[in-house]
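A.B. asks: Shown below is the structure under consideration.
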Amino acid sequence: MIGVFFCVTACVQAPKSDDAQVSDPKVVKQNIPESKTYNIETNKSLVTWVGTKPTGRHNGSLNITKGRLGYKDGNITSGKFDIDMSSLKVLDMDDENNNNLAGHLMSEEFFKVKQHPKSTFVITSVVAYKEEGAKPLLKGVTHTVTGNLTMLGTTKSISFPAKISINANTIKAEANFNIDRTNWGINYNSDKSLGDKFIRPDVNIGLNIVAE
């Protein structure tokens, strides 16, 4: 989640994916009854990102540092995870250029990582998916997840389709969706009049979560 985003294929659009619904933050319910707690396995979980501009694209990853999911009666009832913004990686070029771009993304022009080293996602609701309107692009969707995403001190509620499997020992969750980075005040080069310097505000986010 959920983090990073941008950059650079001739006339490239953001990857085809489901658009997250973004709104004002939701109230996080307190003291929700749980029968089990699943701890997120940080070595098995990852946030991925893809950003584009008219001349190309870049992709990379962010690390989840800690998190948990609450469970009761077959459902996820609560959850939270933290994203280490200083772990931001670019993965599609040689090492020097990857590091240079990662440094730019962590700078004052984008994520201001020195002031905001952590982003967080707090679940406010997980419900069984009900098909309404356009069919999700994510295959095997089982649930709709809603939660508050905080980046750069700004919190917004996002809602997106997800594929979730639950058994006695493990919860696995997969999601892939697009968000508009300007909703969190990340406005650098988001004006279309900039031509080749324009960086699309839509960023693709992938979540791969394993909790045990």
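We label chains A, B, ... in the order they appear in the structure tokens, count residues from 1 in each chain, and number ligands from 1 in the order shown.
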I'd like the contact shell of A:Glu41 - 12 Å cut-off, only C-alpha atoms, skipping same-chain residues fewer than 6 positions apart - returned as an MDAnalysis selection string.

C.D. replies: chainID A and resid 63:69 81 170:173 208:212

A.B. asks: Write out as a PyMOL selection string the residues lying within 8 Å of A:Val126, counting only C-alpha atoms and excluding same-chain residues fewer than 3 positions away.

C.D. replies: chain A and resi 75-77+123+143-146

A.B. asks: What's around stretch 29-35 of chain A at 12 Å? Count only C-alpha atoms, leave out sequence neighbours fewer than 2 positions away in its own chain, and write the answer as number ranges by chain.

C.D. replies: A: 26-27, 37-38, 68-79, 122-125, 147-148, 168

A.B. asks: Just to be explicit: take each residue in the selection above, keep C-alpha atoms, and write the result as an mmCIF file, in the first residue's frame.

C.D. replies:
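Okay, selection_25.cif is ready:
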data_model
loop_
_atom_site.group_PDB
_atom_site.id
_atom_site.type_symbol
_atom_site.label_atom_id
_atom_site.label_comp_id
_atom_site.auth_asym_id
_atom_site.auth_seq_id
_atom_site.Cartn_x
_atom_site.Cartn_y
_atom_site.Cartn_z
ATOM 1 C CA LYS A 26 -13.438 6.870 8.003
ATOM 2 C CA VAL A 27 -13.818 6.381 11.738
ATOM 3 C CA THR A 37 -4.602 -12.122 15.676
ATOM 4 C CA TYR A 38 -2.489 -12.733 12.590
ATOM 5 C CA ARG A 68 -1.430 -7.242 12.183
ATOM 6 C CA LEU A 69 -4.891 -8.470 11.166
ATOM 7 C CA GLY A 70 -7.744 -9.212 13.561
ATOM 8 C CA TYR A 71 -10.072 -12.126 12.803
ATOM 9 C CA LYS A 72 -13.420 -13.398 14.085
ATOM 10 C CA ASP A 73 -16.118 -15.709 12.703
ATOM 11 C CA GLY A 74 -14.524 -16.106 9.295
ATOM 12 C CA ASN A 75 -13.890 -12.416 8.692
ATOM 13 C CA ILE A 76 -11.075 -9.891 9.002
ATOM 14 C CA THR A 77 -12.371 -7.443 11.584
ATOM 15 C CA SER A 78 -9.453 -5.037 11.895
ATOM 16 C CA GLY A 79 -5.899 -4.480 10.776
ATOM 17 C CA VAL A 122 -5.585 1.136 8.883
ATOM 18 C CA ILE A 123 -8.466 -1.136 7.916
ATOM 19 C CA THR A 124 -11.950 0.208 8.601
ATOM 20 C CA SER A 125 -13.938 -2.517 6.833
ATOM 21 C CA GLY A 147 -9.100 1.684 5.079
ATOM 22 C CA ASN A 148 -7.383 4.947 5.930
ATOM 23 C CA ALA A 168 -6.375 -21.630 10.469
#

A.B. asks: May I have the residues within 10 Å of A:Asp18 as an mmCIF file with C-alpha atoms, in the first residue's frame, using only C-alpha atoms and disregarding those fewer than 2 positions away in the same chain?

C.D. replies:
data_model
loop_
_atom_site.group_PDB
_atom_site.id
_atom_site.type_symbol
_atom_site.label_atom_id
_atom_site.label_comp_id
_atom_site.auth_asym_id
_atom_site.auth_seq_id
_atom_site.Cartn_x
_atom_site.Cartn_y
_atom_site.Cartn_z
ATOM 1 C CA PRO A 15 -1.427 0.277 -15.808
ATOM 2 C CA LYS A 16 -4.928 -1.003 -16.447
ATOM 3 C CA ALA A 20 -9.514 2.891 -5.708
ATOM 4 C CA GLN A 21 -12.401 4.956 -4.395
ATOM 5 C CA ALA A 134 -18.154 -2.849 -13.959
ATOM 6 C CA LYS A 135 -16.427 -6.144 -13.197
ATOM 7 C CA PRO A 136 -13.096 -5.748 -11.359
ATOM 8 C CA LEU A 137 -9.948 -6.240 -13.409
ATOM 9 C CA LEU A 138 -8.307 -8.145 -10.565
ATOM 10 C CA PHE A 160 -10.507 -1.382 -3.455
ATOM 11 C CA PRO A 161 -11.229 -4.988 -4.513
ATOM 12 C CA ALA A 175 -4.775 -6.269 -4.449
ATOM 13 C CA ASN A 176 -3.834 -4.062 -7.388
ATOM 14 C CA PHE A 177 -5.340 -0.622 -7.895
ATOM 15 C CA ASN A 178 -4.639 2.939 -9.052
ATOM 16 C CA ILE A 179 -4.691 6.027 -6.846
ATOM 17 C CA ASN A 204 -0.500 1.815 -9.627
#

A.B. asks: From the DSSP assignment of the backbone, select every residue of chain A that is helix (DSSP H, G or I), and format the answer as an MDAnalysis selection string.

C.D. replies: chainID A and resid 95:105 181:184 192:197

A.B. asks: Given the choices A:Lys36, A:Arg57, A:Lys163, A:Lys118, which gets closest to A:Met93 if the distance is worked out from only C-alpha atoms?

C.D. replies: A:Arg57

A.B. asks: Please provide as a JSON list (two decimals) with N, CA and C atoms, in the first residue's frame all residues within 6 Å of A:Ser119, with the sequence filter that same-chain residues fewer than 2 positions apart are discarded (counting only C-alpha atoms).

C.D. replies:
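Just written: selection.json:
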[["chain", "number", "residue", "atom", "x", "y", "z"],
["A", 82, "ASP", "N", 2.42, -0.75, 8.65],
["A", 82, "ASP", "CA", 3.27, 0.41, 8.41],
["A", 82, "ASP", "C", 4.15, 0.15, 7.19],
["A", 83, "ILE", "N", 4.42, 1.21, 6.44],
["A", 83, "ILE", "CA", 5.28, 1.14, 5.26],
["A", 83, "ILE", "C", 6.49, 2.04, 5.49],
["A", 150, "THR", "N", -2.49, 6.92, 5.26],
["A", 150, "THR", "CA", -1.84, 8.16, 5.66],
["A", 150, "THR", "C", -0.47, 8.26, 5.02],
["A", 151, "MET", "N", -0.26, 9.32, 4.25],
["A", 151, "MET", "CA", 1.04, 9.64, 3.67],
["A", 151, "MET", "C", 1.27, 11.15, 3.81]]

A.B. asks: Using only C-alpha atoms, can you tell me which of A:Leu152, A:Ile205, A:Val141, A:Ala162 comes closest to A:Leu46?

C.D. replies: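 Of A:Leu152, A:Ile205, A:Val141, A:Ala162, the one nearest A:Leu46, counting only C-alpha atoms, is A:Ile205.
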
A.B. asks: Which polymer residues have any atom within 10 Å of an atom of A:Lys114, counting only C-alpha atoms, with same-chain residues fewer than 6 positions away left out, as a list in words?

C.D. replies: Met85, Ser86, Met106, Ser107 and Glu108 of chain A

A.B. asks: Save the residues we just selected, N, CA and C atoms, as a tab-separated table (two decimals), in the first residue's frame?

C.D. replies:
chain	number	residue	atom	x	y	z
A	85	MET	N	9.02	4.28	4.22
A	85	MET	CA	9.20	5.06	3.00
A	85	MET	C	10.67	5.15	2.60
A	86	SER	N	11.58	4.99	3.55
A	86	SER	CA	13.01	5.02	3.23
A	86	SER	C	13.47	3.75	2.54
A	106	MET	N	12.35	10.21	-2.81
A	106	MET	CA	12.34	10.39	-1.36
A	106	MET	C	12.62	11.83	-0.94
A	107	SER	N	12.86	12.71	-1.92
A	107	SER	CA	13.24	14.09	-1.63
A	107	SER	C	12.03	14.96	-1.31
A	108	GLU	N	12.30	16.25	-1.11
A	108	GLU	CA	11.25	17.23	-0.81
A	108	GLU	C	10.23	17.35	-1.94

A.B. asks: Skip A:Gly153 itself and residues of its chain fewer than 4 positions away, then list as a PyMOL selection string all residues within 12 Å of it, counting only C-alpha atoms.

C.D. replies: chain A and resi 111-113+115-120+148-149+183-186

A.B. asks: Just give me the gap between atom CA of A:Asn169 and atom CA of A:Gly206 in Å, one decimal is fine.

C.D. replies: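 Answer for the atom CA of A:Asn169 to atom CA of A:Gly206 separation: 23.3 Å.
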
A.B. asks: Could you check which of A:Lys156, A:Lys44, A:Lys53, A:Lys139 is closest to A:Arg200, using only C-alpha atoms?

C.D. replies: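 The shortest atom-to-atom distance to A:Arg200 comes from A:Lys53.
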
A.B. asks: For the atom pair atom CA of A:Asn97 and atom CA of A:Ser17, what is the interatomic distance in Å to one decimal place?

C.D. replies: 27.2 Å

A.B. asks: Would you mind writing down, as a VMD selection string, each residue of stretch 72-183 of chain A that DSSP on the backbone assigns to strand (DSSP E or B)?

C.D. replies: chain A and resid 72 75 to 90 118 to 128 143 to 151 154 to 166 171 to 180
